[in-house]
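The data block below is protein06.pdb; it holds PDB, C-alpha atoms.
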```
ATOM      1  CA  MET P   6      -5.079  -0.426  12.942  1.00  0.00           C
ATOM      2  CA  VAL P   7      -4.101  -1.934   9.585  1.00  0.00           C
ATOM      3  CA  ILE P   8      -6.670  -2.722   6.897  1.00  0.00           C
ATOM      4  CA  SER P   9      -5.906  -5.195   4.116  1.00  0.00           C
ATOM      5  CA  PHE P  10      -7.279  -5.114   0.577  1.00  0.00           C
ATOM      6  CA  LEU P  11      -6.962  -7.847  -2.056  1.00  0.00           C
ATOM      7  CA  GLN P  12      -9.313  -7.927  -5.046  1.00  0.00           C
ATOM      8  CA  GLN P  13     -11.375  -5.235  -3.322  1.00  0.00           C
ATOM      9  CA  GLU P  14     -10.779  -2.271  -5.589  1.00  0.00           C
ATOM     10  CA  GLU P  15     -13.871  -0.248  -4.689  1.00  0.00           C
ATOM     11  CA  ASP P  16     -13.243  -0.612  -0.958  1.00  0.00           C
ATOM     12  CA  TYR P  17      -9.570   0.281  -1.409  1.00  0.00           C
ATOM     13  CA  GLU P  18     -10.346   3.388  -3.470  1.00  0.00           C
ATOM     14  CA  LYS P  19     -12.977   4.484  -0.946  1.00  0.00           C
ATOM     15  CA  TRP P  20     -10.515   4.031   1.923  1.00  0.00           C
ATOM     16  CA  CYS P  21      -7.871   6.084   0.091  1.00  0.00           C
ATOM     17  CA  THR P  22     -10.376   8.857  -0.626  1.00  0.00           C
ATOM     18  CA  GLU P  23     -11.401   8.987   3.034  1.00  0.00           C
ATOM     19  CA  ASN P  24      -7.814   8.772   4.354  1.00  0.00           C
ATOM     20  CA  LYS P  25      -5.783  11.128   2.186  1.00  0.00           C
ATOM     21  CA  ASP P  26      -3.065  11.706   4.792  1.00  0.00           C
ATOM     22  CA  SER P  27      -2.471   8.000   5.412  1.00  0.00           C
ATOM     23  CA  TYR P  28      -0.186   5.247   4.138  1.00  0.00           C
ATOM     24  CA  VAL P  29      -0.301   2.209   1.847  1.00  0.00           C
ATOM     25  CA  PHE P  30       2.081  -0.721   1.843  1.00  0.00           C
ATOM     26  CA  ASN P  31       2.108  -2.528  -1.505  1.00  0.00           C
ATOM     27  CA  HIS P  32       2.980  -6.143  -0.728  1.00  0.00           C
ATOM     28  CA  ALA P  33       4.041  -7.809  -3.960  1.00  0.00           C
ATOM     29  CA  GLY P  34       5.462 -10.722  -1.997  1.00  0.00           C
ATOM     30  CA  GLY P  35       8.595 -11.121  -4.096  1.00  0.00           C
ATOM     31  CA  ALA P  36      12.056  -9.654  -4.196  1.00  0.00           C
ATOM     32  CA  THR P  37      10.746  -6.332  -5.577  1.00  0.00           C
ATOM     33  CA  GLY P  38       7.566  -4.327  -5.293  1.00  0.00           C
ATOM     34  CA  ASN P  39       7.262  -4.321  -1.511  1.00  0.00           C
ATOM     35  CA  VAL P  40       6.949  -0.559  -1.156  1.00  0.00           C
ATOM     36  CA  LEU P  41       5.496   1.792   1.440  1.00  0.00           C
ATOM     37  CA  HIS P  42       3.713   4.851   0.002  1.00  0.00           C
ATOM     38  CA  ARG P  43       1.749   7.848   1.140  1.00  0.00           C
ATOM     39  CA  VAL P  44      -1.839   7.642  -0.135  1.00  0.00           C
ATOM     40  CA  SER P  45      -1.176  10.805  -2.159  1.00  0.00           C
ATOM     41  CA  CYS P  46       1.790   9.259  -4.027  1.00  0.00           C
ATOM     42  CA  TRP P  47       1.543   9.486  -7.799  1.00  0.00           C
ATOM     43  CA  HIS P  48       2.488   5.790  -8.033  1.00  0.00           C
ATOM     44  CA  LEU P  49      -0.881   4.993  -6.473  1.00  0.00           C
ATOM     45  CA  ASN P  50      -2.797   7.398  -8.673  1.00  0.00           C
ATOM     46  CA  VAL P  51      -2.041   6.427 -12.278  1.00  0.00           C
ATOM     47  CA  SER P  52      -5.259   6.674 -14.272  1.00  0.00           C
ATOM     48  CA  SER P  53      -4.383   3.728 -16.550  1.00  0.00           C
ATOM     49  CA  ARG P  54      -4.085   1.484 -13.471  1.00  0.00           C
ATOM     50  CA  LYS P  55      -7.375   2.559 -11.914  1.00  0.00           C
ATOM     51  CA  GLY P  56      -9.409  -0.508 -11.018  1.00  0.00           C
ATOM     52  CA  THR P  57      -6.383  -2.824 -10.855  1.00  0.00           C
ATOM     53  CA  TYR P  58      -4.460  -1.803  -7.741  1.00  0.00           C
ATOM     54  CA  THR P  59      -5.661  -4.670  -5.545  1.00  0.00           C
ATOM     55  CA  LYS P  60      -6.146  -7.227  -8.300  1.00  0.00           C
ATOM     56  CA  THR P  61      -2.752  -8.908  -7.943  1.00  0.00           C
ATOM     57  CA  TYR P  62      -1.064  -7.452  -4.879  1.00  0.00           C
ATOM     58  CA  ARG P  63      -2.381  -7.058  -1.372  1.00  0.00           C
ATOM     59  CA  LYS P  64      -2.431  -3.514  -0.034  1.00  0.00           C
ATOM     60  CA  TYR P  65      -2.043  -2.888   3.677  1.00  0.00           C
ATOM     61  CA  CYS P  66      -3.331   0.509   4.718  1.00  0.00           C
ATOM     62  CA  SER P  67      -3.162   2.534   7.905  1.00  0.00           C
ATOM     63  CA  ASN P  68      -3.399   6.027   9.350  1.00  0.00           C
ATOM     64  CA  ASP P  69      -0.510   5.140  11.663  1.00  0.00           C
ATOM     65  CA  LEU P  70       2.881   4.974   9.953  1.00  0.00           C
ATOM     66  CA  GLU P  71       4.617   3.083  12.770  1.00  0.00           C
ATOM     67  CA  VAL P  72       1.924   0.399  12.883  1.00  0.00           C
ATOM     68  CA  LEU P  73       2.121  -0.033   9.111  1.00  0.00           C
ATOM     69  CA  ILE P  74       5.907  -0.309   9.252  1.00  0.00           C
ATOM     70  CA  GLU P  75       5.519  -3.096  11.820  1.00  0.00           C
ATOM     71  CA  LYS P  76       3.111  -4.867   9.455  1.00  0.00           C
ATOM     72  CA  ALA P  77       5.528  -4.425   6.536  1.00  0.00           C
ATOM     73  CA  GLU P  78       8.289  -6.011   8.620  1.00  0.00           C
ATOM     74  CA  GLN P  79       6.001  -8.885   9.573  1.00  0.00           C
ATOM     75  CA  VAL P  80       4.735  -9.787   6.094  1.00  0.00           C
ATOM     76  CA  SER P  81       8.019  -9.123   4.292  1.00  0.00           C
ATOM     77  CA  SER P  82      10.256 -11.341   6.384  1.00  0.00           C
ATOM     78  CA  SER P  83      11.459 -13.281   3.317  1.00  0.00           C
ATOM     79  CA  PHE P  84      12.087 -10.259   1.091  1.00  0.00           C
ATOM     80  CA  PRO P  85      13.052  -6.658   1.835  1.00  0.00           C
ATOM     81  CA  TRP P  86      10.722  -3.691   1.605  1.00  0.00           C
ATOM     82  CA  ARG P  87      11.437  -0.002   1.172  1.00  0.00           C
ATOM     83  CA  LYS P  88       9.861   3.415   1.401  1.00  0.00           C
ATOM     84  CA  CYS P  89       8.947   4.996  -1.922  1.00  0.00           C
ATOM     85  CA  LYS P  90      11.575   7.510  -3.017  1.00  0.00           C
ATOM     86  CA  SER P  91       8.912   9.722  -4.599  1.00  0.00           C
ATOM     87  CA  CYS P  92       6.729  10.290  -1.551  1.00  0.00           C
ATOM     88  CA  PHE P  93       9.053   9.795   1.442  1.00  0.00           C
TER      89      PHE P  93
END
```

Please, can you express the file's structure as structure tokens?
Amino acid sequence: MVISFLQQEEDYEKWCTENKDSYVFNHAGGATGNVLHRVSCWHLNVSSRKGTYTKTYRKYCSNDLEVLIEKAEQVSSSFPWRKCKSCF
């Protein structure tokens, strides 16, 4: 199952807290910024960005890596995506 968050910061943060061993796909929608992360990645835990993670970009989240990769392929058909080099 994939859950989507856009302008839902509290729900997103709660999901991440409850699913620490899961995955987040940051869908910027452009040529850059379409990145798959582990929930524990430092890129998703910068204190100065707290409260803004879902403000501009949709986050797709899942406990199942393969299902999330399928979603990343589906929503990023126009632009490439990649796995984060810091957490994968």

Leaving out Asp16 (chain P) and any residue of its chain fewer than 5 positions from it, which residues lie within 12 Å of it when counting all atoms listed in the file, given as an MDAnalysis selection string? chainID P and resid 8:11 21:23 56 58:59 64 66

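Those residues that approach Cys46 (chain P) to within 12 Å, counting only C-alpha atoms, are P:Cys21, P:Lys25, P:Asp26, P:Ser27, P:Tyr28, P:Val29, P:Phe30, P:Val40, P:Lys88, P:Cys89, P:Lys90, P:Ser91, P:Cys92, P:Phe93; same-chain residues fewer than 6 positions away are not listed.
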
Kindly give the distance, in Å, that separates CA of Glu75 (chain P) and CA of Val7 (chain P), rounded to a single decimal.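 CA of Glu75 (chain P) sits 9.9 Å away from CA of Val7 (chain P).
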
Selection in question (the file shown): the PyMOL selection byres ((chain P and resi 81) around 12). Which residues does it include, as a PyMOL selection string? chain P and resi 30-41+65+73-80+82-87

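Note that the spacing between CA of Ser67 (chain P) and CA of His48 (chain P) amounts to 17.2 Å.
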
Between P:Tyr62, P:Arg54, P:Arg43, P:Leu49, single out the one closest to Gln12 (chain P), counting only C-alpha atoms. P:Tyr62

Let me have the centre and edge lengths in Å, one decimal, of the box along x, y and z around every listed atom of region 62-66 of chain P with 5 Å of margin on each side, as lines of an AutoDock Vina configuration file.
```
center_x = -2.2
center_y = -3.5
center_z = -0.1
size_x = 12.3
size_y = 18.0
size_z = 19.6
```

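In this structure, CA of Lys60 (chain P) sits 7.3 Å away from CA of Glu14 (chain P).
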
Since the input is missing atoms, can you rebuild N, CA and C atoms for region 63-90 of chain P and write them as a PDB file, in the frame of the given file?
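So the final result, stored in part_12.pdb, reads:
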```pdb
ATOM      1  N   ARG P  63      -1.686  -7.512  -2.568  1.00  0.00           N
ATOM      2  CA  ARG P  63      -2.381  -7.058  -1.372  1.00  0.00           C
ATOM      3  C   ARG P  63      -1.851  -5.678  -0.981  1.00  0.00           C
ATOM      4  N   LYS P  64      -2.772  -4.825  -0.556  1.00  0.00           N
ATOM      5  CA  LYS P  64      -2.431  -3.514  -0.034  1.00  0.00           C
ATOM      6  C   LYS P  64      -2.771  -3.512   1.458  1.00  0.00           C
ATOM      7  N   TYR P  65      -1.808  -3.097   2.254  1.00  0.00           N
ATOM      8  CA  TYR P  65      -2.043  -2.888   3.677  1.00  0.00           C
ATOM      9  C   TYR P  65      -2.093  -1.386   3.883  1.00  0.00           C
ATOM     10  N   CYS P  66      -3.112  -0.920   4.577  1.00  0.00           N
ATOM     11  CA  CYS P  66      -3.331   0.509   4.718  1.00  0.00           C
ATOM     12  C   CYS P  66      -3.520   0.880   6.183  1.00  0.00           C
ATOM     13  N   SER P  67      -3.023   2.076   6.531  1.00  0.00           N
ATOM     14  CA  SER P  67      -3.162   2.534   7.905  1.00  0.00           C
ATOM     15  C   SER P  67      -2.994   4.046   7.993  1.00  0.00           C
ATOM     16  N   ASN P  68      -3.604   4.620   9.025  1.00  0.00           N
ATOM     17  CA  ASN P  68      -3.399   6.027   9.350  1.00  0.00           C
ATOM     18  C   ASN P  68      -2.147   6.199  10.194  1.00  0.00           C
ATOM     19  N   ASP P  69      -1.643   5.124  10.734  1.00  0.00           N
ATOM     20  CA  ASP P  69      -0.510   5.140  11.663  1.00  0.00           C
ATOM     21  C   ASP P  69       0.726   4.557  10.973  1.00  0.00           C
ATOM     22  N   LEU P  70       1.680   5.400  10.679  1.00  0.00           N
ATOM     23  CA  LEU P  70       2.881   4.974   9.953  1.00  0.00           C
ATOM     24  C   LEU P  70       3.642   3.890  10.707  1.00  0.00           C
ATOM     25  N   GLU P  71       3.838   4.059  11.995  1.00  0.00           N
ATOM     26  CA  GLU P  71       4.617   3.083  12.770  1.00  0.00           C
ATOM     27  C   GLU P  71       3.958   1.705  12.775  1.00  0.00           C
ATOM     28  N   VAL P  72       2.651   1.673  12.893  1.00  0.00           N
ATOM     29  CA  VAL P  72       1.924   0.399  12.883  1.00  0.00           C
ATOM     30  C   VAL P  72       2.056  -0.269  11.515  1.00  0.00           C
ATOM     31  N   LEU P  73       1.990   0.526  10.455  1.00  0.00           N
ATOM     32  CA  LEU P  73       2.121  -0.033   9.111  1.00  0.00           C
ATOM     33  C   LEU P  73       3.540  -0.529   8.853  1.00  0.00           C
ATOM     34  N   ILE P  74       4.527   0.165   9.377  1.00  0.00           N
ATOM     35  CA  ILE P  74       5.907  -0.309   9.252  1.00  0.00           C
ATOM     36  C   ILE P  74       6.076  -1.653   9.955  1.00  0.00           C
ATOM     37  N   GLU P  75       5.470  -1.802  11.114  1.00  0.00           N
ATOM     38  CA  GLU P  75       5.519  -3.096  11.820  1.00  0.00           C
ATOM     39  C   GLU P  75       4.895  -4.196  10.969  1.00  0.00           C
ATOM     40  N   LYS P  76       3.772  -3.884  10.321  1.00  0.00           N
ATOM     41  CA  LYS P  76       3.111  -4.867   9.455  1.00  0.00           C
ATOM     42  C   LYS P  76       4.001  -5.196   8.258  1.00  0.00           C
ATOM     43  N   ALA P  77       4.628  -4.195   7.671  1.00  0.00           N
ATOM     44  CA  ALA P  77       5.528  -4.425   6.536  1.00  0.00           C
ATOM     45  C   ALA P  77       6.661  -5.355   6.943  1.00  0.00           C
ATOM     46  N   GLU P  78       7.218  -5.136   8.117  1.00  0.00           N
ATOM     47  CA  GLU P  78       8.289  -6.011   8.620  1.00  0.00           C
ATOM     48  C   GLU P  78       7.781  -7.441   8.791  1.00  0.00           C
ATOM     49  N   GLN P  79       6.585  -7.569   9.303  1.00  0.00           N
ATOM     50  CA  GLN P  79       6.001  -8.885   9.573  1.00  0.00           C
ATOM     51  C   GLN P  79       5.748  -9.676   8.286  1.00  0.00           C
ATOM     52  N   VAL P  80       5.124  -9.052   7.303  1.00  0.00           N
ATOM     53  CA  VAL P  80       4.735  -9.787   6.094  1.00  0.00           C
ATOM     54  C   VAL P  80       5.858  -9.892   5.072  1.00  0.00           C
ATOM     55  N   SER P  81       6.915  -9.120   5.252  1.00  0.00           N
ATOM     56  CA  SER P  81       8.019  -9.123   4.292  1.00  0.00           C
ATOM     57  C   SER P  81       9.265  -9.780   4.867  1.00  0.00           C
ATOM     58  N   SER P  82       9.098 -10.727   5.730  1.00  0.00           N
ATOM     59  CA  SER P  82      10.256 -11.341   6.384  1.00  0.00           C
ATOM     60  C   SER P  82      11.179 -12.062   5.395  1.00  0.00           C
ATOM     61  N   SER P  83      10.640 -12.567   4.303  1.00  0.00           N
ATOM     62  CA  SER P  83      11.459 -13.281   3.317  1.00  0.00           C
ATOM     63  C   SER P  83      12.158 -12.355   2.333  1.00  0.00           C
ATOM     64  N   PHE P  84      11.545 -11.197   2.071  1.00  0.00           N
ATOM     65  CA  PHE P  84      12.087 -10.259   1.091  1.00  0.00           C
ATOM     66  C   PHE P  84      12.064  -8.848   1.677  1.00  0.00           C
ATOM     67  N   PRO P  85      13.006  -8.010   1.282  1.00  0.00           N
ATOM     68  CA  PRO P  85      13.052  -6.658   1.835  1.00  0.00           C
ATOM     69  C   PRO P  85      11.913  -5.781   1.319  1.00  0.00           C
ATOM     70  N   TRP P  86      11.662  -4.709   2.047  1.00  0.00           N
ATOM     71  CA  TRP P  86      10.722  -3.691   1.605  1.00  0.00           C
ATOM     72  C   TRP P  86      11.430  -2.348   1.720  1.00  0.00           C
ATOM     73  N   ARG P  87      10.829  -1.327   1.124  1.00  0.00           N
ATOM     74  CA  ARG P  87      11.437  -0.002   1.172  1.00  0.00           C
ATOM     75  C   ARG P  87      10.348   1.067   1.155  1.00  0.00           C
ATOM     76  N   LYS P  88      10.745   2.264   1.540  1.00  0.00           N
ATOM     77  CA  LYS P  88       9.861   3.415   1.401  1.00  0.00           C
ATOM     78  C   LYS P  88      10.016   3.968  -0.003  1.00  0.00           C
ATOM     79  N   CYS P  89       8.935   4.403  -0.584  1.00  0.00           N
ATOM     80  CA  CYS P  89       8.947   4.996  -1.922  1.00  0.00           C
ATOM     81  C   CYS P  89       9.828   6.249  -1.933  1.00  0.00           C
ATOM     82  N   LYS P  90      10.686   6.355  -2.913  1.00  0.00           N
ATOM     83  CA  LYS P  90      11.575   7.510  -3.017  1.00  0.00           C
ATOM     84  C   LYS P  90      10.846   8.766  -3.511  1.00  0.00           C
TER      85      LYS P  90
END
```
